[in-house]
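*Asks:* Got a structure for you, upload37.cif, holding mmCIF, C-alpha atoms.
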data_run
loop_
_atom_site.group_PDB
_atom_site.id
_atom_site.type_symbol
_atom_site.label_atom_id
_atom_site.label_comp_id
_atom_site.auth_asym_id
_atom_site.auth_seq_id
_atom_site.Cartn_x
_atom_site.Cartn_y
_atom_site.Cartn_z
ATOM 1 C CA MET A 1 139.466 23.327 181.620
ATOM 2 C CA SER A 2 138.487 26.706 180.228
ATOM 3 C CA PRO A 3 134.821 27.462 179.480
ATOM 4 C CA ARG A 4 135.668 27.826 175.802
ATOM 5 C CA ALA A 5 137.291 24.382 175.622
ATOM 6 C CA ARG A 6 134.394 22.869 177.556
ATOM 7 C CA GLN A 7 131.931 24.463 175.140
ATOM 8 C CA SER A 8 133.922 23.138 172.176
ATOM 9 C CA ILE A 9 133.915 19.590 173.603
ATOM 10 C CA VAL A 10 130.181 19.713 174.271
ATOM 11 C CA SER A 11 129.567 20.996 170.740
ATOM 12 C CA TRP A 12 131.584 18.150 169.229
ATOM 13 C CA LEU A 13 129.807 15.595 171.399
ATOM 14 C CA ILE A 14 126.485 16.855 170.067
ATOM 15 C CA VAL A 15 127.470 17.427 166.443
ATOM 16 C CA GLY A 16 129.814 14.429 166.115
ATOM 17 C CA PRO A 17 127.145 11.667 166.181
ATOM 18 C CA PHE A 18 125.033 13.564 163.650
ATOM 19 C CA ALA A 19 128.042 14.009 161.363
ATOM 20 C CA ILE A 20 128.843 10.286 161.589
ATOM 21 C CA ILE A 21 125.247 9.316 160.835
ATOM 22 C CA LEU A 22 125.069 11.662 157.839
ATOM 23 C CA ALA A 23 128.469 10.592 156.471
ATOM 24 C CA PHE A 24 127.809 6.877 156.963
ATOM 25 C CA PRO A 25 125.763 6.384 153.727
ATOM 26 C CA PHE A 26 128.643 7.840 151.689
ATOM 27 C CA TYR A 27 131.107 5.511 153.397
ATOM 28 C CA TRP A 28 128.791 2.539 152.839
ATOM 29 C CA MET A 29 128.451 3.375 149.137
ATOM 30 C CA LEU A 30 132.217 3.763 148.770
ATOM 31 C CA MET A 31 133.017 0.468 150.458
ATOM 32 C CA THR A 32 130.334 -1.416 148.521
ATOM 33 C CA SER A 33 131.451 0.077 145.207
ATOM 34 C CA LEU A 34 134.980 -1.273 145.794
ATOM 35 C CA LYS A 35 133.922 -4.832 146.642
ATOM 36 C CA THR A 36 134.242 -7.836 144.389
ATOM 37 C CA ASN A 37 131.285 -10.141 143.833
ATOM 38 C CA GLY A 38 132.830 -12.686 146.181
ATOM 39 C CA ASP A 39 132.939 -10.179 148.992
ATOM 40 C CA LEU A 40 129.520 -8.768 148.295
ATOM 41 C CA TYR A 41 127.653 -12.050 148.467
ATOM 42 C CA ASP A 42 129.612 -13.514 151.371
ATOM 43 C CA ILE A 43 127.759 -12.636 154.576
ATOM 44 C CA ASN A 44 130.983 -13.101 156.528
ATOM 45 C CA HIS A 45 132.592 -10.229 154.626
ATOM 46 C CA ASN A 46 129.854 -7.672 155.115
ATOM 47 C CA PRO A 47 129.638 -4.887 155.647
ATOM 48 C CA PHE A 48 133.252 -3.877 156.347
ATOM 49 C CA VAL A 49 135.293 -7.062 156.092
ATOM 50 C CA PHE A 50 137.132 -7.757 152.860
ATOM 51 C CA ASN A 51 138.344 -10.987 151.359
ATOM 52 C CA PRO A 52 142.093 -10.959 150.635
ATOM 53 C CA ALA A 53 141.694 -13.907 148.282
ATOM 54 C CA GLU A 54 142.040 -13.388 144.556
ATOM 55 C CA ALA A 55 139.066 -11.949 142.715
ATOM 56 C CA ALA A 56 137.809 -13.026 139.334
ATOM 57 C CA PRO A 57 140.123 -11.773 136.534
ATOM 58 C CA ASN A 58 137.437 -9.620 134.941
ATOM 59 C CA GLU A 59 136.671 -7.793 138.164
ATOM 60 C CA HIS A 60 140.099 -7.473 139.758
ATOM 61 C CA GLN A 61 141.797 -4.115 139.316
ATOM 62 C CA PRO A 62 143.538 -3.657 142.681
ATOM 63 C CA LEU A 63 144.024 -0.209 144.096
ATOM 64 C CA LYS A 64 147.573 1.128 144.004
ATOM 65 C CA ASP A 65 147.345 2.581 147.491
ATOM 66 C CA ALA A 66 145.005 0.894 149.954
ATOM 67 C CA SER A 67 146.734 2.147 153.100
ATOM 68 C CA TRP A 68 143.749 4.332 154.003
ATOM 69 C CA LEU A 69 141.311 1.415 153.747
ATOM 70 C CA PRO A 70 140.408 -1.142 156.442
ATOM 71 C CA LEU A 71 142.618 -4.154 157.078
ATOM 72 C CA GLY A 72 142.374 -6.794 154.376
ATOM 73 C CA ALA A 73 141.172 -4.338 151.736
ATOM 74 C CA GLU A 74 144.291 -4.458 149.574
ATOM 75 C CA ASN A 75 142.447 -6.433 146.904
ATOM 76 C CA LEU A 76 139.533 -4.092 146.463
ATOM 77 C CA THR A 77 138.561 -3.570 142.860
ATOM 78 C CA THR A 78 137.916 -0.530 140.696
ATOM 79 C CA HIS A 79 136.165 -2.663 138.092
ATOM 80 C CA ASN A 80 132.770 -1.378 139.171
ATOM 81 C CA TYR A 81 133.729 2.158 138.199
ATOM 82 C CA SER A 82 135.225 0.981 134.905
ATOM 83 C CA PHE A 83 131.967 -0.855 134.265
ATOM 84 C CA LEU A 84 130.079 2.450 134.360
ATOM 85 C CA PHE A 85 132.339 4.213 131.898
ATOM 86 C CA HIS A 86 133.327 1.423 129.510
ATOM 87 C CA GLU A 87 130.564 -1.199 129.494
ATOM 88 C CA PRO A 88 128.677 -1.237 126.146
ATOM 89 C CA GLY A 89 125.055 -0.262 126.632
ATOM 90 C CA ILE A 90 125.760 1.716 129.821
ATOM 91 C CA HIS A 91 125.724 5.409 128.909
ATOM 92 C CA TYR A 92 126.693 6.743 132.315
ATOM 93 C CA VAL A 93 128.733 9.690 131.058
ATOM 94 C CA ARG A 94 125.873 10.622 128.750
ATOM 95 C CA TRP A 95 123.446 10.473 131.684
ATOM 96 C CA LEU A 96 125.646 12.869 133.634
ATOM 97 C CA GLU A 97 125.840 15.209 130.638
ATOM 98 C CA ASN A 98 122.069 15.092 130.146
ATOM 99 C CA THR A 99 121.461 15.807 133.829
ATOM 100 C CA ALA A 100 123.865 18.753 133.820
ATOM 101 C CA LEU A 101 122.333 20.128 130.608
ATOM 102 C CA VAL A 102 118.735 19.852 131.807
ATOM 103 C CA GLY A 103 119.579 21.172 135.273
ATOM 104 C CA GLY A 104 121.541 24.141 133.943
ATOM 105 C CA ILE A 105 118.852 25.231 131.489
ATOM 106 C CA VAL A 106 116.063 24.759 134.037
ATOM 107 C CA VAL A 107 117.977 26.843 136.591
ATOM 108 C CA LEU A 108 118.391 29.601 134.000
ATOM 109 C CA ILE A 109 114.693 29.526 133.097
ATOM 110 C CA THR A 110 113.753 29.500 136.782
ATOM 111 C CA LEU A 111 115.865 32.577 137.498
ATOM 112 C CA LEU A 112 114.542 34.444 134.458
ATOM 113 C CA LEU A 113 110.949 33.862 135.575
ATOM 114 C CA ALA A 114 111.198 33.784 139.374
ATOM 115 C CA LEU A 115 113.378 36.877 139.878
ATOM 116 C CA PRO A 116 111.037 39.426 138.259
ATOM 117 C CA ALA A 117 107.934 37.612 139.547
ATOM 118 C CA GLY A 118 109.248 37.483 143.115
ATOM 119 C CA TYR A 119 110.263 41.142 143.028
ATOM 120 C CA ALA A 120 106.925 42.261 141.604
ATOM 121 C CA LEU A 121 104.969 40.307 144.228
ATOM 122 C CA ALA A 122 107.200 41.626 147.006
ATOM 123 C CA ARG A 123 106.522 45.213 145.998
ATOM 124 C CA LEU A 124 102.796 44.605 145.406
ATOM 125 C CA SER A 125 101.276 46.077 148.543
ATOM 126 C CA GLY A 126 98.127 44.914 150.297
ATOM 127 C CA ARG A 127 96.558 41.537 150.701
ATOM 128 C CA TRP A 128 96.536 40.867 146.955
ATOM 129 C CA GLY A 129 100.313 40.521 146.881
ATOM 130 C CA GLN A 130 100.339 38.102 149.813
ATOM 131 C CA SER A 131 97.430 36.095 148.389
ATOM 132 C CA ALA A 132 99.129 35.828 145.012
ATOM 133 C CA GLY A 133 102.333 34.611 146.673
ATOM 134 C CA VAL A 134 100.472 31.968 148.666
ATOM 135 C CA GLY A 135 98.602 30.881 145.533
ATOM 136 C CA ILE A 136 101.848 30.445 143.628
ATOM 137 C CA PHE A 137 103.308 28.403 146.487
ATOM 138 C CA LEU A 138 100.214 26.167 146.543
ATOM 139 C CA VAL A 139 100.911 25.302 142.897
ATOM 140 C CA TYR A 140 104.241 23.850 144.040
ATOM 141 C CA LEU A 141 102.429 21.619 146.544
ATOM 142 C CA VAL A 142 100.451 19.797 143.834
ATOM 143 C CA PRO A 143 101.895 16.223 143.733
ATOM 144 C CA PRO A 144 103.776 15.340 140.532
ATOM 145 C CA THR A 145 101.819 12.083 140.392
ATOM 146 C CA LEU A 146 98.694 14.122 139.601
ATOM 147 C CA LEU A 147 100.348 16.219 136.930
ATOM 148 C CA PHE A 148 102.418 13.792 134.902
ATOM 149 C CA LEU A 149 99.360 12.329 133.111
ATOM 150 C CA PRO A 150 98.074 15.630 131.659
ATOM 151 C CA LEU A 151 101.631 16.788 131.064
ATOM 152 C CA SER A 152 102.291 13.554 129.171
ATOM 153 C CA ARG A 153 99.465 14.505 126.818
ATOM 154 C CA VAL A 154 100.953 17.966 126.364
ATOM 155 C CA VAL A 155 104.374 16.497 125.608
ATOM 156 C CA ALA A 156 102.834 14.042 123.134
ATOM 157 C CA GLU A 157 100.882 16.794 121.354
ATOM 158 C CA LEU A 158 104.067 18.851 121.007
ATOM 159 C CA GLY A 159 105.997 15.865 119.652
ATOM 160 C CA LEU A 160 108.614 16.002 122.415
ATOM 161 C CA GLN A 161 108.506 12.355 123.476
ATOM 162 C CA ASP A 162 111.886 10.858 124.271
ATOM 163 C CA ARG A 163 113.604 14.240 124.103
ATOM 164 C CA LEU A 164 115.343 16.195 126.833
ATOM 165 C CA LEU A 165 113.378 19.246 125.750
ATOM 166 C CA SER A 166 110.303 17.681 127.357
ATOM 167 C CA LEU A 167 112.026 17.730 130.760
ATOM 168 C CA ILE A 168 113.254 21.282 130.208
ATOM 169 C CA LEU A 169 109.681 22.291 129.452
ATOM 170 C CA VAL A 170 108.109 20.518 132.446
ATOM 171 C CA TYR A 171 110.601 21.002 135.273
ATOM 172 C CA PRO A 172 110.035 24.760 135.632
ATOM 173 C CA SER A 173 106.413 23.949 136.514
ATOM 174 C CA PHE A 174 107.585 23.010 140.012
ATOM 175 C CA THR A 175 110.833 24.989 140.336
ATOM 176 C CA VAL A 176 109.384 28.388 139.412
ATOM 177 C CA PRO A 177 106.489 28.477 141.944
ATOM 178 C CA PHE A 178 108.629 27.671 144.966
ATOM 179 C CA SER A 179 111.477 29.895 143.792
ATOM 180 C CA THR A 180 109.075 32.785 143.253
ATOM 181 C CA TRP A 181 107.603 32.355 146.727
ATOM 182 C CA LEU A 182 111.064 32.140 148.294
ATOM 183 C CA LEU A 183 112.414 35.185 146.462
ATOM 184 C CA MET A 184 109.270 37.170 147.213
ATOM 185 C CA GLY A 185 109.873 36.760 150.922
ATOM 186 C CA PHE A 186 113.554 37.583 150.498
ATOM 187 C CA PHE A 187 112.898 40.745 148.478
ATOM 188 C CA LYS A 188 110.563 41.944 151.224
ATOM 189 C CA THR A 189 113.542 42.111 153.586
ATOM 190 C CA ILE A 190 115.224 44.703 151.328
ATOM 191 C CA PRO A 191 114.177 48.289 152.237
ATOM 192 C CA PRO A 192 112.513 50.062 149.292
ATOM 193 C CA GLU A 193 114.452 53.185 150.291
ATOM 194 C CA LEU A 194 117.588 51.716 148.729
ATOM 195 C CA GLU A 195 115.896 51.570 145.338
ATOM 196 C CA ASP A 196 114.375 55.031 145.807
ATOM 197 C CA ALA A 197 117.822 56.450 146.508
ATOM 198 C CA ALA A 198 119.181 54.862 143.328
ATOM 199 C CA LEU A 199 116.258 56.257 141.314
ATOM 200 C CA VAL A 200 116.864 59.720 142.739
ATOM 201 C CA ASP A 201 120.505 59.479 141.668
ATOM 202 C CA GLY A 202 119.346 58.920 138.089
ATOM 203 C CA ALA A 203 119.433 55.135 137.836
ATOM 204 C CA SER A 204 116.713 53.373 135.926
ATOM 205 C CA ARG A 205 114.503 50.781 137.556
ATOM 206 C CA LEU A 206 116.414 47.992 135.789
ATOM 207 C CA LYS A 207 119.768 49.371 136.894
ATOM 208 C CA ALA A 208 118.523 49.698 140.461
ATOM 209 C CA LEU A 209 117.552 46.043 140.363
ATOM 210 C CA THR A 210 120.832 44.813 138.880
ATOM 211 C CA ARG A 211 123.107 47.084 140.932
ATOM 212 C CA ILE A 212 121.281 47.253 144.270
ATOM 213 C CA VAL A 213 118.578 44.628 144.769
ATOM 214 C CA PHE A 214 120.011 41.532 143.122
ATOM 215 C CA PRO A 215 123.507 41.740 144.725
ATOM 216 C CA ILE A 216 121.896 42.061 148.163
ATOM 217 C CA SER A 217 119.655 39.103 147.290
ATOM 218 C CA LEU A 218 122.566 36.823 146.380
ATOM 219 C CA PRO A 219 121.898 34.337 149.246
ATOM 220 C CA GLY A 220 118.313 33.909 148.044
ATOM 221 C CA ILE A 221 119.411 33.566 144.420
ATOM 222 C CA LEU A 222 122.005 30.913 145.316
ATOM 223 C CA THR A 223 119.349 29.086 147.298
ATOM 224 C CA VAL A 224 117.121 29.021 144.228
ATOM 225 C CA VAL A 225 119.997 27.771 142.053
ATOM 226 C CA ILE A 226 120.927 24.926 144.421
ATOM 227 C CA PHE A 227 117.318 23.995 145.131
ATOM 228 C CA SER A 228 116.284 23.957 141.465
ATOM 229 C CA PHE A 229 119.318 22.002 140.297
ATOM 230 C CA SER A 230 118.877 19.441 143.089
ATOM 231 C CA LEU A 231 115.249 18.922 142.107
ATOM 232 C CA CYS A 232 116.259 18.306 138.504
ATOM 233 C CA VAL A 233 118.902 15.778 139.550
ATOM 234 C CA ASN A 234 116.565 13.884 141.885
ATOM 235 C CA GLU A 235 113.327 14.012 139.862
ATOM 236 C CA PHE A 236 112.186 10.573 138.700
ATOM 237 C CA ILE A 237 108.517 10.488 137.663
ATOM 238 C CA TYR A 238 108.657 12.866 134.690
ATOM 239 C CA ALA A 239 112.053 11.575 133.583
ATOM 240 C CA VAL A 240 110.917 7.950 133.470
ATOM 241 C CA THR A 241 107.614 8.865 131.805
ATOM 242 C CA PHE A 242 108.928 11.092 129.024
ATOM 243 C CA ILE A 243 112.293 9.452 128.250
ATOM 244 C CA SER A 244 112.586 5.850 127.077
ATOM 245 C CA THR A 245 115.850 5.747 125.099
ATOM 246 C CA SER A 246 118.802 4.705 127.243
ATOM 247 C CA SER A 247 121.221 7.316 125.910
ATOM 248 C CA ALA A 248 118.688 10.116 126.477
ATOM 249 C CA ARG A 249 118.075 9.347 130.152
ATOM 250 C CA THR A 250 119.222 11.353 133.126
ATOM 251 C CA VAL A 251 121.071 9.934 136.130
ATOM 252 C CA SER A 252 117.928 9.592 138.239
ATOM 253 C CA THR A 253 116.365 7.130 135.768
ATOM 254 C CA GLY A 254 119.378 5.707 133.957
ATOM 255 C CA VAL A 255 120.975 4.283 137.094
ATOM 256 C CA PRO A 256 117.995 2.283 138.449
ATOM 257 C CA LEU A 257 116.604 1.264 135.054
ATOM 258 C CA GLU A 258 119.828 0.262 133.309
ATOM 259 C CA LEU A 259 121.802 -1.157 136.254
ATOM 260 C CA ILE A 260 118.941 -3.389 137.400
ATOM 261 C CA ARG A 261 118.195 -5.995 134.746
ATOM 262 C CA GLY A 262 115.414 -8.342 135.685
ATOM 263 C CA ASP A 263 116.411 -9.913 138.983
ATOM 264 C CA VAL A 264 120.097 -9.031 138.519
ATOM 265 C CA TYR A 265 121.254 -6.079 140.601
ATOM 266 C CA PHE A 266 124.658 -4.590 139.856
ATOM 267 C CA TRP A 267 124.973 -3.462 143.467
ATOM 268 C CA GLN A 268 128.568 -2.241 143.335
ATOM 269 C CA SER A 269 128.011 -0.239 140.161
ATOM 270 C CA LEU A 270 124.720 1.084 141.538
ATOM 271 C CA MET A 271 126.564 2.412 144.569
ATOM 272 C CA ALA A 272 129.355 3.857 142.434
ATOM 273 C CA ALA A 273 126.890 5.519 140.076
ATOM 274 C CA THR A 274 125.062 7.050 143.031
ATOM 275 C CA LEU A 275 128.211 8.165 144.813
ATOM 276 C CA ILE A 276 129.776 10.015 141.877
ATOM 277 C CA PRO A 277 127.081 12.719 141.441
ATOM 278 C CA SER A 278 126.299 12.914 145.166
ATOM 279 C CA ILE A 279 129.786 14.089 146.109
ATOM 280 C CA PRO A 280 129.721 17.309 143.979
ATOM 281 C CA LEU A 281 126.234 18.111 145.274
ATOM 282 C CA ALA A 282 127.338 17.571 148.873
ATOM 283 C CA LEU A 283 130.379 19.799 148.337
ATOM 284 C CA LEU A 284 128.184 22.428 146.690
ATOM 285 C CA TYR A 285 125.858 22.481 149.680
ATOM 286 C CA ASN A 286 128.836 22.657 152.036
ATOM 287 C CA VAL A 287 130.521 25.556 150.226
ATOM 288 C CA PHE A 288 127.363 27.665 150.087
ATOM 289 C CA LEU A 289 125.867 26.422 153.354
ATOM 290 C CA ASP A 290 125.830 29.815 155.069
ATOM 291 C CA ARG A 291 124.242 31.550 152.094
ATOM 292 C CA PHE A 292 121.828 28.658 151.624
ATOM 293 C CA ILE A 293 120.598 28.975 155.219
ATOM 294 C CA ALA A 294 120.432 32.754 154.897
ATOM 295 C CA GLY A 295 118.373 32.416 151.742
ATOM 296 C CA PHE A 296 115.810 30.177 153.411
ATOM 297 C CA THR A 297 115.631 31.997 156.751
ATOM 298 C CA GLY A 298 115.695 35.431 155.130
ATOM 299 C CA GLY A 299 112.722 34.768 152.876
ATOM 300 C CA ALA A 300 110.687 32.089 154.537
ATOM 301 C CA PHE A 301 109.518 33.992 157.583
ATOM 302 C CA ARG A 302 108.208 37.156 156.003
#
Go ahead and express the file in the form of structure tokens.
*Replies:*
Amino acid sequence: MSPRARQSIVSWLIVGPFAIILAFPFYWMLMTSLKTNGDLYDINHNPFVFNPAEAAPNEHQPLKDASWLPLGAENLTTHNYSFLFHEPGIHYVRWLENTALVGGIVVLITLLLALPAGYALARLSGRWGQSAGVGIFLVYLVPPTLLFLPLSRVVAELGLQDRLLSLILVYPSFTVPFSTWLLMGFFKTIPPELEDAALVDGASRLKALTRIVFPISLPGILTVVIFSFSLCVNEFIYAVTFISTSSARTVSTGVPLELIRGDVYFWQSLMAATLIPSIPLALLYNVFLDRFIAGFTGGAFR
């Protein structure tokens, strides 16, 4: 066996178990979301055994092609997904739209504030620049549980209760500090001589930033975009405090609050509702993984 093949086998032996462990929650959610109630509550059919008996009429929408599923899974149901999109009182599509809207606007606000702030702090020489960067990062470390009470008063005074604008206003309070600190470290890796050369050639400071600095900083910028959007998707405390109308909720609060009614847990629909937004985020991380790592390692150790 060649050294290269041996190295490849060793790498797979090390990485393989980690990949299985990380992919297992997605597989568990998928299998649970396709189960009928009879399968779910029968301990003999869990976690990966399926009942080939007939399901209840209102929950039986068999898959057309179940060849890729485990043996006995030909009667799995897609009713749990239909429940999310067609059940009256469940505004799942609206929750996804609200999450995308809030996340997109917050990412834009974060970039507009963090890019110039990070660049200015990176070019601010001496200990004042470093101290200011550390101070901004410390703001990010303040727990949300300490801030949501005063921020609730601010939102109430502005008349933004039960409106998505309240989340758009509050979320940058924790995305901007970390993004500024991250971009500050990343901008420090860019030699100032590149900007000086552009200025000598007649470019303005703004053009030097847009043509030279920002394109080189693309890994850091993508890191900020992914990080900020992920925070908006996962944030719970502010979303549950400021939003009370079902149709105005985001995914992070709509799923647990609307799919758990008293002591009734819609487990299959909960898994389906969690799986749907997690797949695009996982693919997004995978596509930009190299740039994401470069953004963190390029700016975090300066």
*Asks:* Using only C-alpha atoms, can you tell me which of A:Met29, A:Leu164, A:Ile216, A:Val176 comes closest to Leu231 (chain A)?
*Replies:*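 Closest to Leu231 (chain A) of all the choices is A:Val176.
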*Asks:* Of the residues A:Leu199, A:Val142, A:Leu165, A:Leu108, which is the one nearest to Ile212 (chain A), using only C-alpha atoms?
*Replies:*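 Of A:Leu199, A:Val142, A:Leu165, A:Leu108, the one nearest Ile212 (chain A) is A:Leu199, counting only C-alpha atoms.
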*Asks:* Could you list, as a ChimeraX atom specification, every residue matched by the PyMOL selection byres ((chain A and resi 228) around 9) in this structure?
*Replies:* /A:103,106-107,110,171-172,174-176,179,223-227,229-233
*Asks:* Compile the contact shell of Arg205 (chain A) as a list in words: residues with an atom at most 10 Å away, counting all atoms listed in the file, same-chain residues fewer than 6 positions apart removed.
*Replies:* Glu195, Asp196, Ala198, Leu199 and Arg211 of chain A
*Asks:* For the file shown, what are the residues hit by the PyMOL selection byres ((chain A and resi 148-154) around 8), laid out as a list of chain:residue names?
*Replies:*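 So the PyMOL selection byres ((chain A and resi 148-154) around 8) ends up selecting A:Pro144, A:Thr145, A:Leu146, A:Leu147, A:Val155, A:Ala156, A:Glu157, A:Leu158, A:Val170, A:Ile237, A:Tyr238, A:Thr241, A:Phe242.
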*Asks:* Can you give me, as a compact mmCIF listing (two decimals) with C-alpha atoms, keeping the file's coordinate frame, the residues this file yields under the PyMOL selection byres ((chain A and resi 191) around 12)?
*Replies:*
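Saved the output as part14.txt:
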# COMPACT_ATOMS: atom_id res chain seq x y z
CA ALA A 122 107.20 41.63 147.01
CA ARG A 123 106.52 45.21 146.00
CA PHE A 186 113.55 37.58 150.50
CA PHE A 187 112.90 40.74 148.48
CA LYS A 188 110.56 41.94 151.22
CA THR A 189 113.54 42.11 153.59
CA ILE A 190 115.22 44.70 151.33
CA PRO A 192 112.51 50.06 149.29
CA GLU A 193 114.45 53.18 150.29
CA LEU A 194 117.59 51.72 148.73
CA GLU A 195 115.90 51.57 145.34
CA ASP A 196 114.38 55.03 145.81
CA ALA A 197 117.82 56.45 146.51
CA ILE A 212 121.28 47.25 144.27
CA VAL A 213 118.58 44.63 144.77
CA ILE A 216 121.90 42.06 148.16
CA SER A 217 119.66 39.10 147.29
*Asks:* Please report the interatomic distance between CA of Asn98 (chain A) and CA of Thr250 (chain A) in Å with one decimal.
*Replies:*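 So the answer is 5.6 Å.
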*Asks:* Compare A:Val255, A:Val200, A:Leu84, A:Ile168 by their minimum atom-to-atom distance to Leu101 (chain A), counting only C-alpha atoms, and give me the closest one.
*Replies:*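 Counting only C-alpha atoms, the residue closest to Leu101 (chain A) is A:Ile168.
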*Asks:* Figure out the distance between CA of Pro3 (chain A) and CA of Ala19 (chain A), please, to one decimal in Å.
*Replies:*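 Distance between the two atoms: 23.6 Å.
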*Asks:* Please determine, counting only C-alpha atoms, which residue among A:Leu115, A:Val139, A:Val134, A:Leu284 has the shortest atom-to-atom distance to Phe214 (chain A).
*Replies:* A:Leu115
*Asks:* Could you state the separation of CA of Pro277 (chain A) and CA of Val251 (chain A) in Å, given to one decimal place?
*Replies:* 8.5 Å
*Asks:* Box time for region 192-196 of chain A: axis-aligned, enclosing all its listed atoms, 6 Å extra on each side; report centre and edge lengths in Å to one decimal, as lines of an AutoDock Vina configuration file.
*Replies:*
center_x = 115.1
center_y = 52.5
center_z = 147.8
size_x = 17.1
size_y = 17.0
size_z = 17.0
*Asks:* Skip Ile243 (chain A) itself and residues of its chain fewer than 5 positions away, then list as a PyMOL selection string all residues within 9 Å of it, counting all atoms listed in the file.
*Replies:* chain A and resi 161-164+166-167+238+248-250+253
*Asks:* Rebuild N, CA and C atoms on region 185-201 of chain A, as a JSON list (two decimals), in the coordinates of the input?
*Replies:*
[["chain", "number", "residue", "atom", "x", "y", "z"],
["A", 185, "GLY", "N", 109.60, 36.50, 149.52],
["A", 185, "GLY", "CA", 109.87, 36.76, 150.92],
["A", 185, "GLY", "C", 111.23, 37.40, 151.14],
["A", 186, "PHE", "N", 112.22, 37.02, 150.34],
["A", 186, "PHE", "CA", 113.55, 37.58, 150.50],
["A", 186, "PHE", "C", 113.59, 39.04, 150.06],
["A", 187, "PHE", "N", 112.91, 39.36, 148.95],
["A", 187, "PHE", "CA", 112.90, 40.74, 148.48],
["A", 187, "PHE", "C", 112.19, 41.67, 149.47],
["A", 188, "LYS", "N", 111.27, 41.11, 150.25],
["A", 188, "LYS", "CA", 110.56, 41.94, 151.22],
["A", 188, "LYS", "C", 111.48, 42.42, 152.35],
["A", 189, "THR", "N", 112.61, 41.70, 152.54],
["A", 189, "THR", "CA", 113.54, 42.11, 153.59],
["A", 189, "THR", "C", 114.43, 43.28, 153.14],
["A", 190, "ILE", "N", 114.39, 43.61, 151.85],
["A", 190, "ILE", "CA", 115.22, 44.70, 151.33],
["A", 190, "ILE", "C", 114.43, 46.00, 151.40],
["A", 191, "PRO", "N", 114.92, 47.03, 152.11],
["A", 191, "PRO", "CA", 114.18, 48.29, 152.24],
["A", 191, "PRO", "C", 113.97, 48.95, 150.88],
["A", 192, "PRO", "N", 112.75, 49.36, 150.56],
["A", 192, "PRO", "CA", 112.51, 50.06, 149.29],
["A", 192, "PRO", "C", 113.28, 51.37, 149.18],
["A", 193, "GLU", "N", 113.71, 51.92, 150.32],
["A", 193, "GLU", "CA", 114.45, 53.18, 150.29],
["A", 193, "GLU", "C", 115.76, 53.08, 149.51],
["A", 194, "LEU", "N", 116.35, 51.89, 149.50],
["A", 194, "LEU", "CA", 117.59, 51.72, 148.73],
["A", 194, "LEU", "C", 117.34, 51.92, 147.24],
["A", 195, "GLU", "N", 116.24, 51.38, 146.74],
["A", 195, "GLU", "CA", 115.90, 51.57, 145.34],
["A", 195, "GLU", "C", 115.51, 53.03, 145.06],
["A", 196, "ASP", "N", 114.77, 53.63, 145.99],
["A", 196, "ASP", "CA", 114.38, 55.03, 145.81],
["A", 196, "ASP", "C", 115.60, 55.93, 145.72],
["A", 197, "ALA", "N", 116.60, 55.64, 146.55],
["A", 197, "ALA", "CA", 117.82, 56.45, 146.51],
["A", 197, "ALA", "C", 118.53, 56.30, 145.17],
["A", 198, "ALA", "N", 118.55, 55.07, 144.63],
["A", 198, "ALA", "CA", 119.18, 54.86, 143.33],
["A", 198, "ALA", "C", 118.41, 55.56, 142.23],
["A", 199, "LEU", "N", 117.07, 55.56, 142.32],
["A", 199, "LEU", "CA", 116.26, 56.26, 141.31],
["A", 199, "LEU", "C", 116.47, 57.75, 141.39],
["A", 200, "VAL", "N", 116.61, 58.29, 142.58],
["A", 200, "VAL", "CA", 116.86, 59.72, 142.74],
["A", 200, "VAL", "C", 118.21, 60.10, 142.13],
["A", 201, "ASP", "N", 119.17, 59.21, 142.23],
["A", 201, "ASP", "CA", 120.50, 59.48, 141.67],
["A", 201, "ASP", "C", 120.53, 59.32, 140.16]]
